[in-house]
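Visitor: input02.tsv (TSV, C-alpha atoms and all ligand atoms) pasted underneath:
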chain	number	residue	atom	x	y	z
A	1	MET	CA	-7.90	-13.54	-20.54
A	2	ASP	CA	-5.04	-12.73	-22.91
A	3	GLY	CA	-6.88	-12.27	-26.22
A	4	GLY	CA	-5.14	-10.59	-29.20
A	5	LEU	CA	-5.19	-7.10	-30.66
A	6	ASP	CA	-6.07	-6.67	-34.29
A	7	SER	CA	-3.01	-7.32	-36.42
A	8	VAL	CA	-2.43	-3.76	-37.59
A	9	SER	CA	0.90	-2.03	-37.80
A	10	SER	CA	-0.17	1.08	-35.92
A	11	TYR	CA	-0.19	1.12	-32.14
A	12	ARG	CA	-0.45	3.48	-29.19
A	13	ALA	CA	2.37	4.43	-26.90
A	14	PHE	CA	3.19	6.72	-24.00
A	15	ARG	CA	6.02	8.90	-25.31
A	16	VAL	CA	8.45	11.38	-23.85
A	17	HIS	CA	9.82	14.19	-26.04
A	18	ARG	CA	12.74	16.46	-25.20
A	19	SER	CA	12.86	19.99	-26.62
A	20	GLU	CA	16.05	21.66	-27.82
A	21	GLN	CA	16.06	23.59	-24.53
A	22	GLY	CA	16.00	20.28	-22.66
A	23	SER	CA	12.45	20.39	-21.28
A	24	LEU	CA	10.49	17.14	-21.37
A	25	ALA	CA	6.88	16.59	-22.43
A	26	ARG	CA	4.76	13.44	-22.18
A	27	SER	CA	2.02	12.42	-24.61
A	28	ILE	CA	0.14	9.40	-25.92
A	29	GLU	CA	0.69	8.87	-29.61
A	30	GLU	CA	-0.23	6.66	-32.51
A	31	LEU	CA	2.92	5.03	-33.91
A	32	ASP	CA	3.77	2.59	-36.64
A	33	ASP	CA	5.65	-0.62	-35.87
A	34	ARG	CA	7.83	-0.07	-38.94
A	35	ASP	CA	9.54	2.63	-36.81
A	36	LEU	CA	10.62	0.11	-34.18
A	37	PRO	CA	14.30	-0.92	-34.13
A	38	ALA	CA	15.53	-4.14	-35.67
A	39	GLY	CA	15.13	-7.27	-33.52
A	40	GLU	CA	14.26	-10.93	-33.82
A	41	LEU	CA	10.87	-10.72	-32.10
A	42	LEU	CA	7.93	-8.39	-32.61
A	43	VAL	CA	5.76	-8.64	-29.51
A	44	GLU	CA	2.20	-7.41	-29.13
A	45	VAL	CA	2.33	-6.09	-25.57
A	46	HIS	CA	-0.71	-6.93	-23.44
A	47	TYR	CA	0.59	-5.73	-20.09
A	48	SER	CA	3.42	-3.68	-18.69
A	49	SER	CA	4.07	-2.23	-15.26
A	50	LEU	CA	5.48	0.91	-13.68
A	51	ASN	CA	8.85	0.80	-11.95
A	52	PHE	CA	11.01	3.49	-10.37
A	53	LYS	CA	13.42	3.27	-13.33
A	54	ASP	CA	10.59	4.18	-15.74
A	55	ALA	CA	10.08	7.39	-13.83
A	56	LEU	CA	13.81	8.13	-14.16
A	57	SER	CA	13.56	7.44	-17.89
A	58	ALA	CA	10.50	9.68	-18.28
A	59	THR	CA	12.31	12.53	-16.53
A	60	GLY	CA	15.44	12.27	-18.67
A	61	HIS	CA	17.85	10.71	-16.17
A	62	PRO	CA	20.95	10.34	-18.37
A	63	GLY	CA	21.97	7.10	-16.66
A	64	VAL	CA	18.74	5.56	-17.95
A	65	THR	CA	17.65	7.26	-21.19
A	66	ARG	CA	19.69	9.49	-23.51
A	67	HIS	CA	17.71	9.44	-26.76
A	68	PHE	CA	14.35	11.13	-27.25
A	69	PRO	CA	11.58	10.91	-28.29
A	70	HIS	CA	11.32	7.74	-26.29
A	71	THR	CA	8.81	5.10	-25.15
A	72	PRO	CA	9.69	4.03	-21.56
A	73	GLY	CA	8.65	0.74	-19.97
A	74	ILE	CA	11.28	-1.71	-18.70
A	75	ASP	CA	8.63	-4.44	-18.47
A	76	ALA	CA	6.52	-6.03	-21.19
A	77	ALA	CA	4.45	-9.20	-21.41
A	78	GLY	CA	2.63	-10.26	-24.54
A	79	VAL	CA	2.37	-12.44	-27.63
A	80	VAL	CA	5.00	-12.92	-30.32
A	81	ILE	CA	3.56	-11.79	-33.66
A	82	GLU	CA	6.76	-11.96	-35.74
A	83	SER	CA	9.76	-14.16	-35.07
A	84	GLU	CA	13.02	-14.41	-36.98
A	85	THR	CA	14.28	-17.28	-34.85
A	86	SER	CA	13.21	-20.91	-34.68
A	87	SER	CA	13.67	-20.87	-30.89
A	88	VAL	CA	10.57	-18.67	-30.39
A	89	GLN	CA	7.32	-19.53	-32.10
A	90	LEU	CA	4.59	-17.22	-33.41
A	91	GLY	CA	1.84	-16.94	-30.82
A	92	GLU	CA	4.17	-17.74	-27.91
A	93	GLU	CA	3.50	-15.76	-24.75
A	94	VAL	CA	6.63	-14.12	-23.40
A	95	ILE	CA	7.85	-11.90	-20.60
A	96	ALA	CA	10.59	-9.35	-21.22
A	97	ILE	CA	12.16	-7.34	-18.43
A	98	GLY	CA	15.40	-5.42	-18.22
A	99	PHE	CA	18.31	-5.36	-20.63
A	100	ASP	CA	17.89	-2.15	-22.64
A	101	LEU	CA	14.10	-2.39	-22.84
A	102	GLY	CA	12.54	0.98	-22.01
A	103	MET	CA	15.95	2.57	-21.55
A	104	ASN	CA	17.12	3.44	-25.07
A	105	THR	CA	15.03	0.74	-26.78
A	106	PRO	CA	11.29	1.54	-27.06
A	107	GLY	CA	9.67	-0.22	-24.11
A	108	GLY	CA	6.49	-1.66	-22.72
A	109	PHE	CA	4.55	1.59	-22.51
A	110	GLY	CA	3.77	0.95	-26.19
A	111	GLN	CA	1.51	-1.77	-27.59
A	112	ARG	CA	4.42	-3.20	-29.61
A	113	VAL	CA	8.07	-3.86	-28.84
A	114	ARG	CA	10.75	-5.36	-31.09
A	115	ILE	CA	13.51	-7.08	-29.17
A	116	PRO	CA	16.35	-9.62	-29.40
A	117	SER	CA	15.10	-13.11	-28.59
A	118	HIS	CA	17.32	-13.50	-25.50
A	119	TRP	CA	15.44	-10.62	-23.81
A	120	ALA	CA	12.27	-12.75	-23.73
A	121	VAL	CA	11.51	-15.71	-21.50
A	122	PRO	CA	8.51	-17.98	-22.05
A	123	ARG	CA	5.61	-17.29	-19.69
A	124	PRO	CA	5.62	-20.02	-17.01
A	125	ALA	CA	2.55	-22.26	-17.32
A	126	ASP	CA	1.16	-21.23	-13.95
A	127	LEU	CA	1.62	-17.47	-14.24
A	128	SER	CA	-0.62	-15.41	-16.54
A	129	LEU	CA	0.77	-12.47	-18.49
A	130	GLU	CA	-1.28	-10.22	-16.25
A	131	GLU	CA	0.14	-11.80	-13.07
A	132	SER	CA	3.67	-11.57	-14.42
A	133	MET	CA	3.33	-7.83	-14.89
A	134	ALA	CA	1.56	-7.29	-11.57
A	135	LEU	CA	4.90	-8.51	-10.21
A	136	GLY	CA	7.03	-6.98	-12.97
A	137	THR	CA	10.66	-6.01	-12.47
A	138	ALA	CA	9.90	-4.96	-8.89
A	139	GLY	CA	8.46	-8.34	-7.91
A	140	PHE	CA	11.13	-10.18	-9.85
A	141	THR	CA	13.80	-8.19	-8.00
A	142	ALA	CA	12.27	-8.99	-4.62
A	143	ALA	CA	12.48	-12.67	-5.59
A	144	ALA	CA	16.06	-12.27	-6.86
A	145	CYS	CA	16.98	-10.78	-3.46
A	146	LEU	CA	15.44	-13.72	-1.62
A	147	ASP	CA	17.15	-16.14	-3.98
A	148	LYS	CA	20.55	-14.65	-3.10
A	149	LEU	CA	19.78	-14.51	0.62
A	150	GLU	CA	18.83	-18.19	0.52
A	151	VAL	CA	22.08	-19.08	-1.24
A	152	GLN	CA	23.81	-17.55	1.79
A	153	GLY	CA	21.80	-19.94	3.93
A	154	MET	CA	19.05	-17.66	5.27
A	155	ARG	CA	16.06	-19.63	6.56
A	156	PRO	CA	12.85	-18.57	8.39
A	157	SER	CA	14.12	-19.98	11.69
A	158	ASP	CA	17.17	-17.67	11.63
A	159	GLY	CA	15.28	-14.65	12.94
A	160	PRO	CA	13.62	-11.46	11.70
A	161	VAL	CA	14.17	-10.12	8.20
A	162	LEU	CA	14.06	-6.38	7.50
A	163	VAL	CA	12.47	-4.94	4.35
A	164	THR	CA	13.15	-1.25	3.69
A	165	GLY	CA	11.03	0.98	1.46
A	166	ALA	CA	8.35	-1.54	2.35
A	167	THR	CA	5.30	0.10	0.76
A	168	GLY	CA	7.04	0.47	-2.63
A	169	GLY	CA	6.89	-2.06	-5.45
A	170	VAL	CA	9.95	-4.14	-4.54
A	171	GLY	CA	9.23	-3.72	-0.82
A	172	SER	CA	5.58	-4.78	-1.00
A	173	VAL	CA	6.35	-7.94	-2.95
A	174	ALA	CA	9.29	-8.72	-0.64
A	175	VAL	CA	7.04	-8.43	2.42
A	176	GLY	CA	4.37	-10.68	0.83
A	177	LEU	CA	6.88	-13.22	-0.43
A	178	LEU	CA	8.89	-13.51	2.79
A	179	SER	CA	5.88	-13.65	5.08
A	180	GLY	CA	4.22	-16.27	2.85
A	181	LEU	CA	7.33	-18.42	3.30
A	182	GLY	CA	7.18	-18.17	7.07
A	183	TYR	CA	9.72	-15.42	7.71
A	184	GLU	CA	9.16	-12.91	10.47
A	185	VAL	CA	9.14	-9.67	8.52
A	186	TYR	CA	9.87	-6.20	9.86
A	187	ALA	CA	8.69	-3.60	7.37
A	188	SER	CA	10.37	-0.20	7.44
A	189	THR	CA	8.37	2.65	5.93
A	190	GLY	CA	8.11	6.41	5.73
A	191	LYS	CA	4.32	6.01	5.54
A	192	PRO	CA	3.16	4.93	9.01
A	193	GLU	CA	-0.42	5.46	7.83
A	194	GLN	CA	0.10	2.38	5.62
A	195	SER	CA	0.77	0.09	8.60
A	196	ASP	CA	-2.46	-1.84	8.07
A	197	TYR	CA	-1.55	-2.41	4.42
A	198	LEU	CA	1.83	-3.83	5.46
A	199	ARG	CA	0.32	-6.01	8.18
A	200	ARG	CA	-2.23	-7.39	5.72
A	201	LEU	CA	0.68	-8.30	3.47
A	202	GLY	CA	2.13	-10.27	6.36
A	203	ALA	CA	4.52	-7.91	8.16
A	204	SER	CA	4.93	-8.90	11.82
A	205	ARG	CA	6.04	-5.40	12.74
A	206	VAL	CA	6.00	-2.04	11.02
A	207	LEU	CA	8.87	0.34	11.78
A	208	ASP	CA	8.96	4.03	11.11
A	209	ARG	CA	11.88	4.60	8.75
A	210	ASN	CA	13.36	7.02	11.35
A	211	GLU	CA	13.69	4.17	13.86
A	212	LEU	CA	16.44	2.73	11.67
A	213	ALA	CA	18.41	5.97	11.57
A	214	ASP	CA	21.67	5.50	13.42
A	215	ASP	CA	23.85	8.54	14.02
A	216	SER	CA	25.63	7.03	17.03
A	217	GLY	CA	28.92	6.74	15.13
A	218	ARG	CA	29.36	3.26	16.63
A	219	PRO	CA	30.71	0.69	14.14
A	220	LEU	CA	28.27	-2.02	15.28
A	221	GLY	CA	24.64	-2.00	16.32
A	222	ARG	CA	22.59	-4.54	18.23
A	223	GLU	CA	22.51	-7.90	16.40
A	224	THR	CA	18.94	-7.84	15.11
A	225	TRP	CA	18.41	-8.99	11.52
A	226	ALA	CA	18.97	-12.44	10.08
A	227	GLY	CA	18.67	-10.78	6.67
A	228	CYS	CA	17.51	-7.68	4.88
A	229	VAL	CA	16.03	-6.70	1.52
A	230	ASP	CA	17.16	-3.11	1.10
A	231	THR	CA	15.57	-0.95	-1.59
A	232	VAL	CA	16.73	2.35	-0.09
A	233	GLY	CA	20.57	2.43	0.04
A	234	GLY	CA	22.49	5.27	1.71
A	235	SER	CA	22.41	5.50	5.50
A	236	THR	CA	19.54	2.97	5.68
A	237	LEU	CA	21.75	0.33	4.12
A	238	ALA	CA	24.66	1.30	6.39
A	239	SER	CA	22.45	0.92	9.43
A	240	ALA	CA	21.12	-2.47	8.26
A	241	ILE	CA	24.68	-3.79	7.76
A	242	LYS	CA	25.76	-2.95	11.29
A	243	SER	CA	22.63	-4.53	12.81
A	244	LEU	CA	22.88	-7.90	11.06
A	245	ARG	CA	23.17	-10.98	13.22
A	246	TYR	CA	26.34	-13.05	12.99
A	247	GLY	CA	26.57	-14.47	9.42
A	248	GLY	CA	23.54	-12.49	8.20
A	249	SER	CA	23.20	-10.88	4.76
A	250	VAL	CA	21.73	-7.78	3.14
A	251	ALA	CA	20.51	-7.92	-0.44
A	252	CYS	CA	21.13	-4.43	-1.80
A	253	CYS	CA	18.93	-3.57	-4.77
A	254	GLY	CA	17.85	0.07	-4.58
A	255	LEU	CA	18.92	3.66	-4.23
A	256	VAL	CA	15.84	5.76	-3.45
A	257	GLY	CA	17.50	7.07	-0.27
A	258	GLY	CA	21.04	7.54	-1.57
A	259	THR	CA	23.83	6.04	-3.61
A	260	SER	CA	26.74	6.30	-1.13
A	261	VAL	CA	27.17	3.93	1.77
A	262	SER	CA	29.40	4.66	4.71
A	263	THR	CA	30.36	1.63	6.76
A	264	SER	CA	33.36	0.40	8.69
A	265	VAL	CA	34.80	-3.05	8.05
A	266	PHE	CA	33.82	-4.28	11.53
A	267	PRO	CA	30.48	-5.91	10.68
A	268	PHE	CA	32.30	-7.92	8.00
A	269	LEU	CA	35.31	-8.81	10.13
A	270	LEU	CA	33.60	-9.41	13.46
A	271	ARG	CA	30.15	-10.65	12.44
A	272	HIS	CA	30.93	-12.47	9.22
A	273	VAL	CA	28.11	-10.62	7.39
A	274	ASN	CA	27.53	-10.38	3.64
A	275	LEU	CA	26.58	-7.50	1.39
A	276	LEU	CA	24.92	-8.98	-1.70
A	277	GLY	CA	24.42	-7.07	-4.95
A	278	VAL	CA	21.25	-7.69	-6.95
A	279	ASP	CA	20.71	-6.71	-10.59
A	280	SER	CA	17.64	-7.85	-12.46
A	281	ALA	CA	18.30	-6.03	-15.75
A	282	GLU	CA	21.34	-7.86	-17.15
A	283	MET	CA	20.64	-11.17	-15.45
A	284	PRO	CA	21.12	-13.88	-18.10
A	285	GLU	CA	18.04	-15.45	-19.69
A	286	GLY	CA	18.47	-18.83	-17.95
A	287	GLU	CA	18.62	-17.23	-14.51
A	288	LYS	CA	15.60	-15.06	-15.31
A	289	LYS	CA	13.66	-18.14	-16.36
A	290	ARG	CA	14.56	-19.88	-13.10
A	291	ILE	CA	13.38	-16.96	-10.94
A	292	TRP	CA	10.12	-16.53	-12.93
A	293	ASN	CA	9.45	-20.24	-12.51
A	294	ARG	CA	9.94	-19.95	-8.75
A	295	LEU	CA	7.48	-17.03	-8.70
A	296	ALA	CA	4.97	-19.13	-10.63
A	297	ASP	CA	5.32	-22.07	-8.30
A	298	GLU	CA	6.78	-22.40	-4.78
A	299	TRP	CA	7.14	-18.61	-4.42
A	300	ARG	CA	3.66	-17.62	-5.62
A	301	VAL	CA	3.05	-14.33	-3.87
A	302	GLY	CA	-0.26	-14.08	-2.06
A	303	GLY	CA	-2.08	-10.75	-2.08
A	304	VAL	CA	-0.71	-9.48	-5.41
A	305	GLU	CA	-4.23	-8.29	-6.27
A	306	MET	CA	-4.23	-6.32	-3.03
A	307	ILE	CA	-1.04	-4.47	-3.90
A	308	THR	CA	-1.76	-3.88	-7.59
A	309	ARG	CA	-3.85	-1.24	-9.30
A	310	SER	CA	-4.49	-1.41	-13.02
A	311	LEU	CA	-3.99	1.66	-15.21
A	312	ARG	CA	-4.36	2.53	-18.85
A	313	LEU	CA	-1.73	4.58	-20.70
A	314	GLU	CA	-3.68	7.72	-19.77
A	315	GLY	CA	-3.02	7.15	-16.06
A	316	LEU	CA	0.75	6.78	-16.40
A	317	SER	CA	1.83	10.41	-16.15
A	318	GLU	CA	0.22	10.90	-12.74
A	319	ALA	CA	1.62	7.59	-11.48
A	320	ILE	CA	5.13	8.58	-12.62
A	321	ASP	CA	4.92	11.76	-10.55
A	322	GLN	CA	3.71	9.73	-7.58
A	323	ILE	CA	6.59	7.24	-7.74
A	324	LEU	CA	9.13	10.08	-8.08
A	325	ALA	CA	7.74	11.74	-4.98
A	326	GLY	CA	8.18	8.49	-2.99
A	327	ARG	CA	4.40	8.29	-2.53
A	328	MET	CA	3.84	5.02	-4.35
A	329	VAL	CA	2.13	2.22	-2.48
A	330	GLY	CA	2.31	-1.20	-4.14
A	331	ARG	CA	2.35	-1.80	-7.88
A	332	ARG	CA	0.81	-0.33	-11.01
A	333	LEU	CA	-0.12	-2.73	-13.80
A	334	ILE	CA	-0.47	-1.13	-17.25
A	335	ASP	CA	-3.21	-2.73	-19.33
A	336	LEU	CA	-2.32	-2.06	-22.96
A	337	ARG	CA	-5.14	-4.14	-24.39
A	338	SER	CA	-7.70	-1.60	-23.23
A	339	SER	CA	-5.47	1.43	-23.88
N	1	LIG	N1	18.69	-3.76	-8.68
N	1	LIG	C1	17.66	-3.97	-9.49
N	1	LIG	O1	17.68	-4.79	-10.39
N	1	LIG	C2	16.40	-3.19	-9.24
N	1	LIG	C3	15.18	-3.61	-9.77
N	1	LIG	C4	14.01	-2.90	-9.41
N	1	LIG	C5	14.11	-1.78	-8.60
N	1	LIG	N2	15.33	-1.38	-8.18
N	1	LIG	C6	15.47	-0.21	-7.32
N	1	LIG	O2	14.79	-0.47	-6.11
N	1	LIG	C7	14.27	0.75	-5.59
N	1	LIG	C8	12.78	0.59	-5.34
N	1	LIG	O3	12.12	0.42	-6.58
N	1	LIG	P1	10.53	0.37	-6.62
N	1	LIG	O4	10.16	0.11	-8.03
N	1	LIG	O5	10.05	-0.50	-5.53
N	1	LIG	O6	10.20	1.91	-6.26
N	1	LIG	P2	8.93	2.49	-5.48
N	1	LIG	O7	7.74	1.69	-5.80
N	1	LIG	O8	8.94	3.94	-5.74
N	1	LIG	O9	9.28	2.24	-3.94
N	1	LIG	C9	10.29	2.93	-3.28
N	1	LIG	C10	9.89	3.09	-1.82
N	1	LIG	O10	11.04	3.54	-1.11
N	1	LIG	C11	10.66	4.39	-0.05
N	1	LIG	N3	11.33	5.69	-0.24
N	1	LIG	C12	11.11	6.60	-1.19
N	1	LIG	N4	11.92	7.66	-1.06
N	1	LIG	C13	12.68	7.41	0.02
N	1	LIG	C14	13.73	8.11	0.67
N	1	LIG	N5	14.14	9.29	0.26
N	1	LIG	N6	14.31	7.54	1.75
N	1	LIG	C15	13.91	6.33	2.19
N	1	LIG	N7	12.91	5.62	1.60
N	1	LIG	C16	12.32	6.15	0.53
N	1	LIG	C17	9.14	4.52	-0.13
N	1	LIG	O11	8.60	3.49	0.68
N	1	LIG	P3	8.24	3.72	2.25
N	1	LIG	O12	7.49	5.00	2.30
N	1	LIG	O13	7.44	2.53	2.61
N	1	LIG	O14	9.55	3.82	2.99
N	1	LIG	C18	8.86	4.18	-1.58
N	1	LIG	O15	7.54	3.76	-1.75
N	1	LIG	C19	14.63	1.82	-6.63
N	1	LIG	O16	15.83	2.46	-6.25
N	1	LIG	C20	14.85	1.05	-7.89
N	1	LIG	O17	15.69	1.70	-8.79
N	1	LIG	C21	16.46	-2.05	-8.48
Reformat the file's structure so that it appears as structure tokens.

Guide:
Amino acid sequence: MDGGLDSVSSYRAFRVHRSEQGSLARSIEELDDRDLPAGELLVEVHYSSLNFKDALSATGHPGVTRHFPHTPGIDAAGVVIESETSSVQLGEEVIAIGFDLGMNTPGGFGQRVRIPSHWAVPRPADLSLEESMALGTAGFTAAACLDKLEVQGMRPSDGPVLVTGATGGVGSVAVGLLSGLGYEVYASTGKPEQSDYLRRLGASRVLDRNELADDSGRPLGRETWAGCVDTVGGSTLASAIKSLRYGGSVACCGLVGGTSVSTSVFPFLLRHVNLLGVDSAEMPEGEKKRIWNRLADEWRVGGVEMITRSLRLEGLSEAIDQILAGRMVGRRLIDLRSS
């Protein structure tokens, strides 16, 4: 399935240019791998995937990308074709997500990346490159959230778990992962027309995102959730915190609905709840390896094919606009072998 590209130094990439006036333009270009930055590994990228952060990069969000022209793509999976370190062999299949990849280092929306060796983890035996990128940073982050919730002691018998932004990339994988492990999953969405999709992924109940809105001003809500994977932030996160059951936890990983959170201390003082931060980008290599191995094994997510659509580089621009508008459902795999 993961055959090689011809070993030529030119490759194709989805690029973003910024004019002197600050306007941005996207194009697909032929590049030369001699233009890539220095790094221990040259990787022939077979697959990448689209994440919310890529859309921020492609639209010049200064917290993500400052230098243009730029090749976004925070995810890349492929084969090592040059290695300056004995720890990674030529021909090894690797997965690289996060760190500076696709931010200010040319990323996975090009058929080649050159990266430091600690950005790459070996592909787990039971996860193909294609499967790893169907999950991508979004799926990895859903797993990292569950990993942290479990460390706090969350178990399926504790009660319902809320997933917010449920039709998005992180949300969809979180719903599939949790339900596959026997959790009762409540999926919150702004797309009620996608209820069937969420139920097929395993959600027990689908909530309209407005049902979570809480403008009562009360410091505590009804004890409802044993845990929560929150991709939204803002008032959604605040409302999840005050509705946790005694000792419950929220894994906070996203900001699509806002970056400020207003909460009193009462849920923490009276209900012993936990607010857990999750970052997939700078997570050390050993931790990344551990989470990927869980995803390849005991946490294999069912239904990934159902949530994933494959695109070539040509389809990226439209998908970026879709994710920015909050209209994305599931995941987009980028197939660079056929691009
Ligand atoms: N911490 C980390 O390491 C990490 C890693 C990956 C992603 N993230 C973050 O996680 C978030 C989700 O990423 P993603 O890749 O899953 O993005 P995505 O595919 O675009 O999904 C986001 C989903 O959030 C919901 N949403 C969109 N706009 C909203 C709004 N204004 N208010 C409430 N809900 C809204 C939508 O789902 P519904 O219509 O179903 O509600 C949307 O599909 C992003 O903020 C991203 O930056 C963080």

Visitor: Just give me the gap between atom N1 of ligand LIG 1 (chain N) and atom CA of A:Ser83 in Å, one decimal is fine.

Guide: 29.7 Å

Visitor: Kindly provide, as a PyMOL selection string, all nucleotide and amino acid residues lying within 6 Å of ligand LIG 1 (chain N), counting all atoms listed in the file.

Guide: chain A and resi 51-53+137-138+141+165-171+189-191+231-232+253-257+278-281+323+326-329

Visitor: At a cut-off of 8 Å around the point (15.8, -5.8, -31.0) (file coordinates), what residues fall inside when counting all atoms listed in the file? I'd like the answer as a list in words.

Guide: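 Applying the cut-off with all atoms listed in the file, one gets Pro37, Ala38, Gly39, Glu40, Leu41, Thr105, Arg114, Ile115, Pro116 and Ser117 of chain A.
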
Visitor: I need the residue nearest A:Leu181 from this list: A:Thr59, A:Ser317, A:Ser48, A:Ser157. Use all atoms listed in the file for the distance.

Guide: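 Looking at the shortest contact to A:Leu181, the residue is A:Ser157.
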
Visitor: Between A:His118, A:Arg66, A:Arg26, A:Arg112, which one has atoms that come closest to A:Val43, using all atoms listed in the file?

Guide: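 The closest residue to A:Val43 is A:Arg112.
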
Visitor: Which is closest to A:Val229 among A:Gly217, A:Tyr186, A:Ser262, A:Asp208, if we use all atoms listed in the file?

Guide: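 The shortest atom-to-atom distance to A:Val229 comes from A:Tyr186.
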
Visitor: Using only C-alpha atoms, which residues sit within 9 Å of A:Phe268 once same-chain residues fewer than 4 positions away are excluded, as a count of residues only?

Guide: 8

Visitor: Which value, in Å to one decimal, gives the distance between atom CA of A:Phe14 and atom CA of A:Asp54?

Guide: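 Between these atoms lies a distance of 11.4 Å.
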
Visitor: Have a look at A:Arg312, A:Arg15, A:His46, A:Arg155 and name the one nearest to A:Pro106; count all atoms listed in the file.

Guide: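 Using all atoms listed in the file, the shortest distance to A:Pro106 belongs to A:Arg15.
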
Visitor: Determine the nearest neighbour of A:Val113 from the options A:Ala125, A:Ala77, A:Ala142, A:Leu311, counting all atoms listed in the file.

Guide: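 Of A:Ala125, A:Ala77, A:Ala142, A:Leu311, the one nearest A:Val113 is A:Ala77, counting all atoms listed in the file.
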
Visitor: Check the smallest atom-to-atom distance from each of A:Asp147, A:Ile334, A:Met306, A:Gly176 to A:Val250 using only C-alpha atoms, then report the winner.

Guide: A:Asp147
